[in-house]
>>> print(open('query02.cif').read())   # mmCIF, C-alpha atoms
data_data
loop_
_atom_site.label_atom_id
_atom_site.label_comp_id
_atom_site.auth_asym_id
_atom_site.auth_seq_id
_atom_site.Cartn_x
_atom_site.Cartn_y
_atom_site.Cartn_z
CA MET A 1 -95.15 -31.12 14.92
CA SER A 2 -94.87 -30.19 11.26
CA SER A 3 -92.37 -31.75 8.89
CA VAL A 4 -90.53 -28.43 8.80
CA SER A 5 -89.83 -28.56 12.56
CA VAL A 6 -88.89 -32.29 12.55
CA PHE A 7 -86.37 -31.91 9.73
CA GLY A 8 -85.27 -28.51 11.06
CA LEU A 9 -84.20 -30.07 14.37
CA CYS A 10 -82.48 -32.86 12.41
CA ALA A 11 -80.57 -30.32 10.29
CA ALA A 12 -79.51 -28.30 13.35
CA ALA A 13 -78.23 -31.49 15.01
CA ALA A 14 -76.29 -32.42 11.85
CA VAL A 15 -74.56 -29.02 11.91
CA GLY A 16 -73.64 -29.45 15.59
CA LEU A 17 -72.40 -33.02 15.13
CA GLY A 18 -70.37 -32.05 12.07
CA LEU A 19 -68.70 -29.17 13.92
CA TYR A 20 -67.88 -31.41 16.90
CA GLY A 21 -66.38 -34.09 14.64
CA LEU A 22 -64.39 -31.50 12.71
CA ILE A 23 -62.75 -30.26 15.92
CA THR A 24 -62.20 -33.51 17.81
CA ASN A 25 -61.48 -36.24 15.22
CA PRO A 26 -57.71 -36.44 14.69
CA GLN A 27 -57.82 -38.31 11.35
CA SER A 28 -57.93 -36.12 8.23
CA LEU A 29 -60.47 -38.29 6.40
CA ARG A 30 -62.79 -38.08 9.42
CA LYS A 31 -62.45 -34.30 9.33
CA ILE A 32 -63.51 -34.30 5.65
CA LEU A 33 -66.53 -36.49 6.52
CA ALA A 34 -67.47 -34.19 9.42
CA PHE A 35 -67.18 -31.12 7.23
CA ASN A 36 -69.49 -32.73 4.65
CA LEU A 37 -71.97 -33.54 7.43
CA LEU A 38 -71.90 -29.89 8.54
CA GLY A 39 -72.48 -28.76 4.95
CA SER A 40 -75.35 -31.20 4.50
CA GLY A 41 -77.03 -29.74 7.60
CA VAL A 42 -76.68 -26.22 6.21
CA PHE A 43 -78.20 -27.33 2.87
CA LEU A 44 -81.13 -28.88 4.74
CA LEU A 45 -81.71 -25.59 6.58
CA PHE A 46 -81.94 -23.93 3.15
CA GLY A 47 -84.49 -26.54 2.10
CA ILE A 48 -86.57 -25.99 5.24
CA VAL A 49 -86.69 -22.22 4.76
CA GLY A 50 -87.56 -22.84 1.09
CA ARG A 51 -90.32 -25.26 2.09
CA ARG A 52 -91.91 -22.56 4.24
CA GLY A 53 -91.83 -20.30 1.17
CA ALA A 54 -94.04 -22.67 -0.85
CA ALA A 55 -96.32 -20.52 -2.99
CA ALA A 56 -97.85 -20.17 -6.45
CA GLY A 57 -98.25 -23.93 -6.82
CA VAL A 58 -94.54 -24.63 -6.22
CA GLY A 59 -93.92 -26.83 -3.17
CA ASN A 60 -90.53 -25.33 -2.31
CA ASP A 61 -89.09 -21.91 -3.15
CA PRO A 62 -87.06 -22.59 -6.34
CA VAL A 63 -84.33 -20.02 -5.63
CA PRO A 64 -82.88 -21.74 -2.52
CA GLN A 65 -83.35 -25.07 -4.33
CA ALA A 66 -81.14 -23.85 -7.18
CA LEU A 67 -78.58 -22.52 -4.68
CA VAL A 68 -78.46 -25.90 -2.93
CA ILE A 69 -78.00 -27.80 -6.23
CA THR A 70 -75.06 -25.51 -7.04
CA GLY A 71 -73.80 -25.96 -3.47
CA VAL A 72 -73.95 -29.78 -3.60
CA VAL A 73 -71.87 -29.84 -6.79
CA VAL A 74 -69.30 -27.37 -5.40
CA ALA A 75 -69.11 -29.36 -2.13
CA PHE A 76 -68.46 -32.52 -4.15
CA SER A 77 -65.63 -30.89 -6.12
CA ALA A 78 -64.09 -29.51 -2.91
CA THR A 79 -64.29 -32.97 -1.31
CA ALA A 80 -62.65 -34.60 -4.34
CA MET A 81 -59.89 -31.97 -4.20
CA ALA A 82 -59.38 -32.56 -0.45
CA ILE A 83 -59.22 -36.34 -0.96
CA ALA A 84 -56.66 -35.92 -3.76
CA LEU A 85 -54.52 -33.72 -1.45
CA LEU A 86 -54.83 -36.29 1.34
CA LEU A 87 -53.82 -39.21 -0.92
CA ARG A 88 -50.86 -37.18 -2.19
CA LEU A 89 -49.81 -36.37 1.39
CA PHE A 90 -50.03 -40.07 2.26
CA HIS A 91 -48.02 -40.98 -0.84
CA THR A 92 -45.17 -38.56 -0.12
CA SER A 93 -44.95 -38.73 3.70
CA GLY A 94 -46.55 -42.09 4.53
CA SER A 95 -48.86 -40.41 7.03
CA THR A 96 -52.20 -38.61 6.90
CA THR A 97 -51.73 -36.25 9.84
CA LEU A 98 -50.70 -32.63 9.65
CA GLY A 99 -49.59 -32.38 13.30
CA SER A 100 -46.15 -31.12 14.28
CA ARG A 101 -45.20 -34.60 15.48
CA ALA A 102 -46.11 -36.28 12.19
CA PRO A 103 -43.41 -38.77 11.20
CA THR A 104 -41.17 -37.54 8.38
CA SER A 105 -40.22 -40.25 5.97
CA SER A 106 -37.47 -40.57 3.38
CA ARG A 107 -39.97 -41.75 0.75
CA SER A 108 -40.65 -38.23 -0.44
CA ASP A 109 -40.34 -37.39 -4.12
CA ALA A 110 -37.73 -35.24 -5.75
CA PRO A 111 -38.28 -31.49 -5.34
CA GLY A 112 -41.22 -30.31 -7.41
CA GLY A 113 -42.49 -33.86 -7.69
CA MET B 1 -100.56 -38.22 14.35
CA SER B 2 -100.84 -39.10 10.68
CA ILE B 3 -98.86 -41.84 8.93
CA ALA B 4 -96.85 -39.19 7.11
CA THR B 5 -95.74 -37.58 10.38
CA VAL B 6 -94.74 -40.94 11.85
CA PHE B 7 -92.71 -41.64 8.70
CA GLU B 8 -91.04 -38.23 8.91
CA ILE B 9 -90.08 -38.65 12.57
CA ALA B 10 -88.71 -42.15 11.89
CA LEU B 11 -86.74 -40.88 8.88
CA ALA B 12 -85.31 -37.97 10.89
CA ALA B 13 -84.35 -40.35 13.71
CA VAL B 14 -82.53 -42.76 11.36
CA VAL B 15 -80.71 -39.88 9.65
CA LEU B 16 -79.70 -38.46 13.03
CA GLY B 17 -78.51 -41.89 14.19
CA LEU B 18 -76.35 -42.25 11.06
CA ALA B 19 -74.92 -38.76 11.62
CA ILE B 20 -73.95 -39.70 15.21
CA TRP B 21 -72.48 -42.99 13.92
CA THR B 22 -70.39 -41.10 11.32
CA ILE B 23 -68.85 -38.91 14.02
CA ALA B 24 -68.57 -41.37 16.91
CA VAL B 25 -67.62 -44.80 15.47
CA PRO B 26 -63.88 -45.52 16.02
CA GLU B 27 -63.10 -47.09 12.64
CA THR B 28 -62.83 -44.67 9.69
CA TYR B 29 -64.11 -47.15 7.10
CA SER B 30 -67.32 -47.78 9.10
CA ALA B 31 -67.80 -44.03 9.49
CA THR B 32 -67.51 -43.60 5.71
CA VAL B 33 -70.10 -46.31 5.06
CA GLY B 34 -72.39 -44.60 7.59
CA PHE B 35 -71.96 -41.27 5.83
CA VAL B 36 -72.86 -42.74 2.42
CA ALA B 37 -76.06 -44.22 3.91
CA TYR B 38 -76.73 -40.82 5.52
CA GLY B 39 -76.38 -39.09 2.13
CA LEU B 40 -78.88 -41.43 0.47
CA LEU B 41 -81.45 -41.02 3.26
CA VAL B 42 -81.05 -37.24 3.20
CA ALA B 43 -82.26 -37.47 -0.42
CA LEU B 44 -85.53 -38.88 1.00
CA ILE B 45 -85.81 -35.86 3.31
CA TRP B 46 -85.48 -33.63 0.23
CA VAL B 47 -88.37 -35.52 -1.40
CA ARG B 48 -90.48 -34.92 1.72
CA LEU B 49 -89.56 -31.21 1.50
CA ASP B 50 -91.00 -31.21 -2.04
CA ALA B 51 -87.61 -30.44 -3.60
CA VAL B 52 -87.27 -33.35 -6.04
CA ASP B 53 -84.56 -31.63 -8.13
CA VAL B 54 -82.36 -31.34 -5.04
CA ALA B 55 -83.19 -34.92 -4.01
CA LEU B 56 -81.96 -36.21 -7.41
CA THR B 57 -78.76 -34.18 -7.12
CA GLU B 58 -78.16 -35.26 -3.53
CA ALA B 59 -78.70 -38.94 -4.35
CA ALA B 60 -76.58 -38.89 -7.52
CA ILE B 61 -73.72 -36.59 -6.47
CA GLY B 62 -73.83 -36.36 -2.66
CA GLY B 63 -74.62 -40.01 -1.97
CA GLY B 64 -73.48 -41.82 -5.13
CA LEU B 65 -70.35 -40.23 -6.61
CA GLY B 66 -69.29 -38.63 -3.30
CA GLY B 67 -69.67 -42.03 -1.65
CA VAL B 68 -67.39 -43.64 -4.24
CA VAL B 69 -64.69 -40.98 -3.66
CA LEU B 70 -64.86 -41.31 0.13
CA LEU B 71 -64.99 -45.12 0.17
CA GLY B 72 -62.08 -45.34 -2.26
CA ALA B 73 -59.98 -43.03 -0.08
CA ALA B 74 -61.01 -44.87 3.11
CA ALA B 75 -59.92 -48.19 1.59
CA ARG B 76 -56.53 -46.82 0.49
CA LEU B 77 -55.87 -45.07 3.81
CA ARG B 78 -57.15 -47.90 6.00
CA ASP B 79 -53.82 -48.65 7.73
CA ALA B 80 -52.63 -45.03 8.00
CA GLU B 81 -55.85 -43.77 9.57
CA ALA B 82 -55.83 -46.50 12.23
CA THR B 83 -52.44 -45.36 13.54
CA ALA B 84 -53.22 -41.64 13.35
CA ALA B 85 -52.50 -39.11 16.06
CA GLU B 86 -54.09 -39.31 19.50
CA ARG B 87 -57.44 -37.67 20.18
CA PRO B 88 -57.44 -34.22 21.76
CA ASP B 89 -57.58 -34.20 25.55
CA ARG B 90 -60.74 -34.19 27.62
CA SER B 91 -61.00 -30.42 28.17
CA THR B 92 -60.70 -29.68 24.43
CA ARG B 93 -63.42 -32.23 23.70
CA LEU B 94 -65.65 -30.71 26.39
CA ILE B 95 -65.25 -27.18 25.01
CA ALA B 96 -65.91 -28.47 21.45
CA ALA B 97 -69.04 -30.27 22.67
CA ILE B 98 -70.35 -27.14 24.43
CA LEU B 99 -69.63 -24.98 21.36
CA SER B 100 -71.28 -27.44 18.93
CA ALA B 101 -74.30 -28.03 21.16
CA SER B 102 -74.92 -24.32 21.61
CA ILE B 103 -74.68 -23.68 17.84
CA ALA B 104 -77.08 -26.58 17.15
CA ALA B 105 -79.47 -25.29 19.84
CA ALA B 106 -79.36 -21.76 18.42
CA LEU B 107 -80.15 -23.07 14.91
CA ALA B 108 -82.99 -25.27 16.21
CA PHE B 109 -84.40 -22.33 18.17
CA ALA B 110 -84.20 -20.08 15.10
CA ILE B 111 -86.08 -22.67 12.99
CA LEU B 112 -88.81 -23.09 15.62
CA ILE B 113 -89.49 -19.37 16.11
CA LEU B 114 -89.52 -18.40 12.43
CA PRO B 115 -92.47 -16.01 11.87
CA ASP B 116 -95.55 -17.25 10.05
CA TYR B 117 -95.00 -14.89 7.18
CA ALA B 118 -92.39 -16.60 4.99
CA PRO B 119 -90.72 -14.48 2.29
CA THR B 120 -90.67 -16.31 -1.03
CA LEU B 121 -89.59 -15.75 -4.61
CA ALA B 122 -91.75 -18.58 -5.99
CA PRO B 123 -94.52 -16.32 -7.41
CA ALA B 124 -91.92 -14.16 -9.22
CA VAL B 125 -90.28 -17.27 -10.71
CA VAL B 126 -93.61 -18.72 -11.85
CA ALA B 127 -94.77 -15.36 -13.27
CA ASN B 128 -91.61 -15.05 -15.42
CA ALA B 129 -91.55 -18.68 -16.63
CA GLY B 130 -92.89 -17.52 -20.03
CA ALA B 131 -89.61 -15.69 -20.71
CA THR B 132 -87.75 -18.99 -21.19
CA GLY B 133 -90.48 -21.33 -22.41
CA MET B 134 -89.62 -23.92 -19.72
CA ALA B 135 -92.01 -25.05 -16.97
CA ASN B 136 -89.54 -26.35 -14.35
CA PRO B 137 -88.99 -23.38 -12.00
CA VAL B 138 -85.67 -24.76 -10.68
CA THR B 139 -84.21 -25.11 -14.19
CA ASN B 140 -85.42 -21.57 -14.95
CA VAL B 141 -83.57 -20.24 -11.89
CA LEU B 142 -80.43 -22.28 -12.62
CA MET B 143 -80.15 -21.55 -16.33
CA ALA B 144 -81.73 -18.11 -16.69
CA PHE B 145 -82.59 -16.06 -13.59
CA ARG B 146 -79.41 -16.98 -11.71
CA GLY B 147 -77.40 -18.14 -14.73
CA LEU B 148 -74.28 -16.36 -13.50
CA ASP B 149 -74.08 -18.68 -10.44
CA THR B 150 -74.29 -21.75 -12.65
CA MET B 151 -71.64 -20.44 -15.04
CA LEU B 152 -69.22 -19.65 -12.22
CA GLU B 153 -69.90 -23.05 -10.69
CA LYS B 154 -68.71 -24.66 -13.93
CA VAL B 155 -65.51 -22.66 -13.56
CA VAL B 156 -65.14 -23.94 -9.97
CA LEU B 157 -65.47 -27.52 -11.24
CA LEU B 158 -62.81 -26.83 -13.87
CA LEU B 159 -60.47 -25.34 -11.25
CA ALA B 160 -60.98 -28.41 -9.04
CA VAL B 161 -59.94 -30.68 -11.94
CA VAL B 162 -56.85 -28.52 -12.56
CA GLY B 163 -56.06 -28.71 -8.85
CA VAL B 164 -56.40 -32.50 -8.73
CA TRP B 165 -54.27 -32.94 -11.88
CA SER B 166 -51.55 -30.67 -10.50
CA LEU B 167 -51.02 -33.14 -7.64
CA ALA B 168 -49.45 -35.67 -10.02
CA SER B 169 -45.83 -36.61 -9.46
CA ASP B 170 -43.21 -35.75 -12.10
CA ARG B 171 -43.20 -39.33 -13.43
CA ALA B 172 -46.95 -39.38 -14.06
CA TRP B 173 -47.32 -35.78 -15.33
CA GLY B 174 -49.95 -35.70 -18.08
CA GLY B 175 -50.55 -39.44 -17.66
CA ARG B 176 -53.62 -41.51 -16.89
CA PRO B 177 -55.50 -41.01 -13.58
CA GLY B 178 -56.02 -43.86 -11.13
CA PRO B 179 -54.82 -47.45 -11.21
CA ARG B 180 -55.49 -49.72 -14.20
CA HIS B 181 -58.53 -51.73 -13.14
CA GLU B 182 -58.54 -55.47 -13.76
CA ALA B 183 -61.72 -57.49 -13.44
CA ASP B 184 -62.73 -60.99 -14.41
CA PRO B 185 -63.95 -60.57 -18.03
CA ASN B 186 -66.69 -63.15 -17.34
CA GLY B 187 -67.54 -61.78 -13.87
CA VAL B 188 -70.58 -59.90 -12.62
CA LEU B 189 -68.89 -56.48 -12.77
CA ALA B 190 -67.88 -56.87 -16.43
CA PHE B 191 -71.37 -58.19 -17.22
CA LEU B 192 -73.05 -55.19 -15.57
CA ALA B 193 -70.60 -52.81 -17.27
CA ARG B 194 -71.82 -54.16 -20.63
CA LEU B 195 -75.50 -54.34 -19.66
CA LEU B 196 -76.12 -51.04 -17.86
CA PRO B 197 -74.44 -48.26 -19.95
CA PRO B 198 -76.86 -48.36 -22.93
CA ALA B 199 -79.83 -47.90 -20.57
CA GLY B 200 -77.90 -45.51 -18.33
CA ILE B 201 -76.93 -43.23 -21.21
CA VAL B 202 -80.57 -43.03 -22.32
CA VAL B 203 -81.65 -42.26 -18.73
CA GLY B 204 -79.00 -39.52 -18.45
CA ILE B 205 -80.09 -37.86 -21.71
CA TYR B 206 -83.76 -38.21 -20.71
CA MET B 207 -83.04 -36.47 -17.38
CA LEU B 208 -81.47 -33.58 -19.29
CA TRP B 209 -84.39 -33.32 -21.72
CA THR B 210 -87.16 -33.67 -19.16
CA GLY B 211 -85.42 -31.09 -16.92
CA ALA B 212 -87.08 -28.33 -18.97
CA ASP B 213 -90.54 -29.15 -17.59
CA HIS B 214 -90.08 -31.72 -14.80
CA PRO B 215 -87.50 -32.45 -12.09
CA GLY B 216 -84.15 -33.22 -13.68
CA GLY B 217 -81.50 -31.30 -15.57
CA ALA B 218 -77.89 -31.20 -16.67
CA PHE B 219 -76.38 -31.89 -13.21
CA GLN B 220 -78.41 -35.01 -12.51
CA GLY B 221 -78.08 -36.31 -16.07
CA GLY B 222 -74.36 -35.58 -16.06
CA ALA B 223 -73.92 -37.52 -12.82
CA VAL B 224 -75.67 -40.56 -14.37
CA LEU B 225 -73.46 -40.38 -17.49
CA ALA B 226 -70.33 -40.05 -15.30
CA SER B 227 -71.27 -43.11 -13.27
CA MET B 228 -71.79 -45.14 -16.47
CA TRP B 229 -68.32 -44.16 -17.72
CA LEU B 230 -66.78 -45.02 -14.33
CA LEU B 231 -68.52 -48.39 -14.30
CA VAL B 232 -66.91 -49.26 -17.64
CA ILE B 233 -63.50 -48.08 -16.36
CA MET B 234 -63.77 -50.01 -13.08
CA ALA B 235 -64.72 -53.20 -14.90
CA GLY B 236 -61.49 -52.88 -16.90
CA LEU B 237 -63.32 -52.62 -20.25
CA ALA B 238 -61.84 -49.16 -20.94
CA ASP B 239 -58.97 -47.16 -19.51
CA THR B 240 -58.99 -43.61 -18.21
CA PRO B 241 -57.77 -41.22 -20.93
CA PRO B 242 -54.40 -39.47 -20.43
CA VAL B 243 -55.10 -36.02 -19.04
CA SER B 244 -52.94 -34.43 -21.74
CA SER B 245 -55.33 -35.53 -24.52
CA ARG B 246 -56.77 -32.66 -26.55
CA TRP B 247 -60.35 -33.95 -26.95
CA LEU B 248 -60.69 -34.46 -23.21
CA ARG B 249 -59.59 -30.91 -22.47
CA PHE B 250 -61.92 -29.63 -25.19
CA ILE B 251 -64.91 -31.35 -23.53
CA LEU B 252 -63.89 -29.98 -20.13
CA VAL B 253 -63.94 -26.36 -21.31
CA ALA B 254 -66.83 -26.68 -23.81
CA GLY B 255 -69.62 -26.08 -21.26
CA PRO B 256 -68.24 -22.99 -19.50
CA CYS B 257 -66.96 -21.52 -22.80
CA LEU B 258 -70.31 -21.84 -24.59
CA PHE B 259 -72.02 -20.36 -21.51
CA LEU B 260 -69.56 -17.44 -21.57
CA VAL B 261 -69.99 -16.88 -25.32
CA VAL B 262 -73.80 -16.80 -24.98
CA GLY B 263 -73.42 -14.47 -21.99
CA LEU B 264 -71.19 -12.07 -23.91
CA GLY B 265 -73.61 -12.28 -26.84
CA GLY B 266 -76.31 -11.02 -24.47
CA LEU B 267 -74.03 -8.14 -23.53
CA CYS B 268 -73.37 -7.17 -27.19
CA PHE B 269 -76.80 -7.73 -28.75
CA GLY B 270 -79.20 -7.83 -25.81
CA ALA B 271 -79.99 -6.10 -22.57
CA ALA B 272 -77.28 -7.44 -20.25
CA PHE B 273 -74.69 -10.16 -19.65
CA LEU B 274 -76.43 -13.56 -19.95
CA ALA B 275 -79.69 -11.95 -21.14
CA TYR B 276 -81.28 -14.39 -23.62
CA PRO B 277 -83.37 -12.94 -26.46
CA VAL B 278 -86.91 -14.15 -25.71
CA ALA B 279 -87.42 -15.72 -29.14
CA PHE B 280 -84.29 -17.88 -28.85
CA ALA B 281 -84.26 -18.46 -25.07
CA LYS B 282 -85.18 -22.13 -25.11
CA PRO B 283 -82.86 -23.22 -27.98
CA LEU B 284 -79.97 -21.27 -26.43
CA ILE B 285 -80.54 -22.79 -22.97
CA LEU B 286 -80.84 -26.28 -24.46
CA GLY B 287 -77.60 -25.77 -26.39
CA ILE B 288 -75.79 -24.68 -23.23
CA GLU B 289 -77.23 -27.63 -21.33
CA VAL B 290 -76.10 -30.15 -23.98
CA ALA B 291 -72.55 -28.77 -23.82
CA MET B 292 -72.78 -28.66 -20.03
CA ILE B 293 -73.95 -32.25 -19.56
CA LEU B 294 -70.83 -33.49 -21.42
CA THR B 295 -68.60 -31.17 -19.37
CA ILE B 296 -70.26 -32.18 -16.10
CA ALA B 297 -70.04 -35.90 -16.87
CA ALA B 298 -66.34 -35.65 -17.83
CA THR B 299 -65.50 -33.38 -14.87
CA LEU B 300 -67.25 -35.51 -12.24
CA ALA B 301 -65.69 -38.72 -13.58
CA LEU B 302 -62.19 -37.18 -13.67
CA LEU B 303 -62.56 -35.73 -10.16
CA LEU B 304 -63.42 -39.24 -9.03
CA ALA B 305 -60.52 -40.82 -10.92
CA GLY B 306 -58.07 -38.56 -9.07
CA ALA B 307 -54.56 -37.39 -9.88
CA PRO B 308 -52.59 -38.93 -12.78
CA GLU B 309 -50.59 -41.92 -11.49
CA ARG B 310 -49.02 -43.66 -14.51
CA ASN B 311 -47.78 -42.90 -17.99
CA THR B 312 -48.72 -46.07 -19.82
#
>>> encode(input="query02.cif", output="structure tokens")
Amino acid sequence: MSSVSVFGLCAAAAVGLGLYGLITNPQSLRKILAFNLLGSGVFLLFGIVGRRGAAAGVGNDPVPQALVITGVVVAFSATAMAIALLLRLFHTSGSTTLGSRAPTSSRSDAPGG
Amino acid sequence: MSIATVFEIALAAVVLGLAIWTIAVPETYSATVGFVAYGLLVALIWVRLDAVDVALTEAAIGGGLGGVVLLGAAARLRDAEATAAERPDRSTRLIAAILSASIAAALAFAILILPDYAPTLAPAVVANAGATGMANPVTNVLMAFRGLDTMLEKVVLLLAVVGVWSLASDRAWGGRPGPRHEADPNGVLAFLARLLPPAGIVVGIYMLWTGADHPGGAFQGGAVLASMWLLVIMAGLADTPPVSSRWLRFILVAGPCLFLVVGLGGLCFGAAFLAYPVAFAKPLILGIEVAMILTIAATLALLLAGAPERNT
């Protein structure tokens, strides 16, 4: 079994696990973690396809590599944004769930706050 | 089976185990710790795939800075997450499991039956390396051949900072992000925050400079600089700047603006948007990278610091 197949199976499993966690975990922070896991699996699939495209003395096709570097940075900024939204939600409502039965609290800020 | 194959299978198994742990463990904080470990080990997979530039980015941003954001949030939300809503019922979980398993199986199948002929752009990238005067193919793609992606990504980072800042309450509008950190001035953290930054700043600048010919570049260097700044802030030796300060905002827009100006210059005087004149390609790219490393370091650190929380 080549390294491409070993890591390819690993990446496919990470995508599946991330999707399952995204659907079934009720906590918002767990959903963010699961979404990052899913994204990491997709990036690895890019790397595996790039590894197969090794040519001209370069061990991994540089174009998907550059796309993944851009993707990692964008995923980080989206995660930071999601965490900031979550902390703000917790600060204003005292809860981190978005469900219809989420407790409403009187601690919320003034309008526009 | 060679030693390398055994190592690869063991690495894949540990990474898979950590992924399962992240999804299945009941406590959110443990799941977060598992995910940070996962991110660092995935960097090793990238090394095995011969993509050292990606491995550096994954370790610095995916595992390091991302880990700090997630762990900080997990610590602050510890009580709220424990009392969160009930899990979905059994049938929903079963359908989700079937859906996820079939998608994973389809991806695995697609990877295993890929044809032997693999399309690649590597020869084209290597053949055109002379146009920029840099030997690292990934930096060439990032800064020249697909420069538009990198420029727009800087804009995405800027928008994320604007989004995080706009979550401040009225009281803290334009104030300083995050809590004021207090640490024992004679403790280990304060000692490390004095010891590490001089070396860390040199390492960050070296990663930028060596990125022209070897693995490295503005992203990886910027992440190292950001972590040095955060270390000093967390040790209480410096405070986060108020987000309304002019010099901070200037640094945040310097990278994308210089990129845009050079791009428009290519449109006016050259062949196309972002087309570098061959004689000046390397100095122009280096100039953009120097502005970008400052922007990236400031942006990553501010994304980590979060929304403004206080005005003093």
>>> atom_distance(input="query02.cif", atom1="CA of Gly34 (chain B)", atom2="CA of Trp21 (chain B)")
6.5 Å
>>> resolve_selection(input="query02.cif", expression="the PyMOL selection byres ((chain A and resi 70-85) around 8)", output="ChimeraX atom specification")
/A:29,32,36,39,43,66-69,86-89 /B:57-58,61-62,66,69-70,73,149-150,153,156-157,160-161,163-164,167,300,303-304,306-307
>>> closest_residue(input="query02.cif", among="B:Thr210, B:Asn186, B:Ser100, B:Asn140", to="Thr24 (chain A)", atoms="only C-alpha atoms")
B:Ser100
>>> closest_residue(input="query02.cif", among="B:Val138, B:Val47, B:Ala271, B:Ala60", to="chain A", atoms="all atoms listed in the file")
B:Val138
>>> resolve_selection(input="query02.cif", expression="the PyMOL selection byres ((chain B and resi 148) around 12)", output="JSON, numbers by chain")
{"A": [66, 67, 70], "B": [141, 142, 143, 144, 145, 146, 147, 149, 150, 151, 152, 153, 154, 155, 256, 259, 260, 262, 263, 264, 272, 273, 274, 275]}
>>> resolve_selection(input="query02.cif", expression="the PyMOL selection byres ((chain B and resi 55) around 10)", output="VMD selection string")
(chain A and resid 65 69) or (chain B and resid 40 to 54 56 to 62 215 to 216 220)
>>> atom_distance(input="query02.cif", atom1="CA of Ala291 (chain B)", atom2="CA of Thr139 (chain B)")
15.6 Å
>>> closest_atom_pairs(input="query02.cif", of="chain A", to="chain B", cutoff="6 Å", atoms="all atoms listed in the file", output="Markdown table")
| residue | atom | partner | partner_atom | distance |
| --- | --- | --- | --- | --- |
| A:Leu9 | CA | B:Ala108 | CA | 5.3 |
| A:Ala12 | CA | B:Ala104 | CA | 4.8 |
| A:Ala13 | CA | B:Ala104 | CA | 5.5 |
| A:Gly16 | CA | B:Ser100 | CA | 4.6 |
| A:Leu19 | CA | B:Ser100 | CA | 5.9 |
| A:Tyr20 | CA | B:Ser100 | CA | 5.6 |
| A:Gly21 | CA | B:Ile23 | CA | 5.5 |
| A:Pro26 | CA | B:Arg87 | CA | 5.6 |
| A:Gly53 | CA | B:Thr120 | CA | 4.7 |
| A:Ala55 | CA | B:Ala122 | CA | 5.8 |
| A:Ala56 | CA | B:Pro123 | CA | 5.2 |
| A:Gly59 | CA | B:Asp50 | CA | 5.4 |
| A:Asn60 | CA | B:Asp50 | CA | 5.9 |
| A:Asp61 | CA | B:Ala122 | CA | 5.1 |
| A:Pro62 | CA | B:Val138 | CA | 5.0 |
| A:Ala66 | CA | B:Leu142 | CA | 5.7 |
| A:Ile69 | CA | B:Val54 | CA | 5.7 |
| A:Ala80 | CA | B:Leu303 | CA | 5.9 |
| A:Met81 | CA | B:Val164 | CA | 5.7 |
| A:Gly113 | CA | B:Ser169 | CA | 4.7 |
>>> atom_distance(input="query02.cif", atom1="CA of Gly217 (chain B)", atom2="CA of Gly255 (chain B)")
14.2 Å
>>> closest_residue(input="query02.cif", among="A:Leu22, A:Arg52, A:Arg30, A:Leu17", to="Ser30 (chain B)", atoms="all atoms listed in the file")
A:Arg30
>>> closest_residue(input="query02.cif", among="B:Ala301, B:Met292, B:Ala279, B:Met207", to="Leu231 (chain B)", atoms="all atoms listed in the file")
B:Ala301
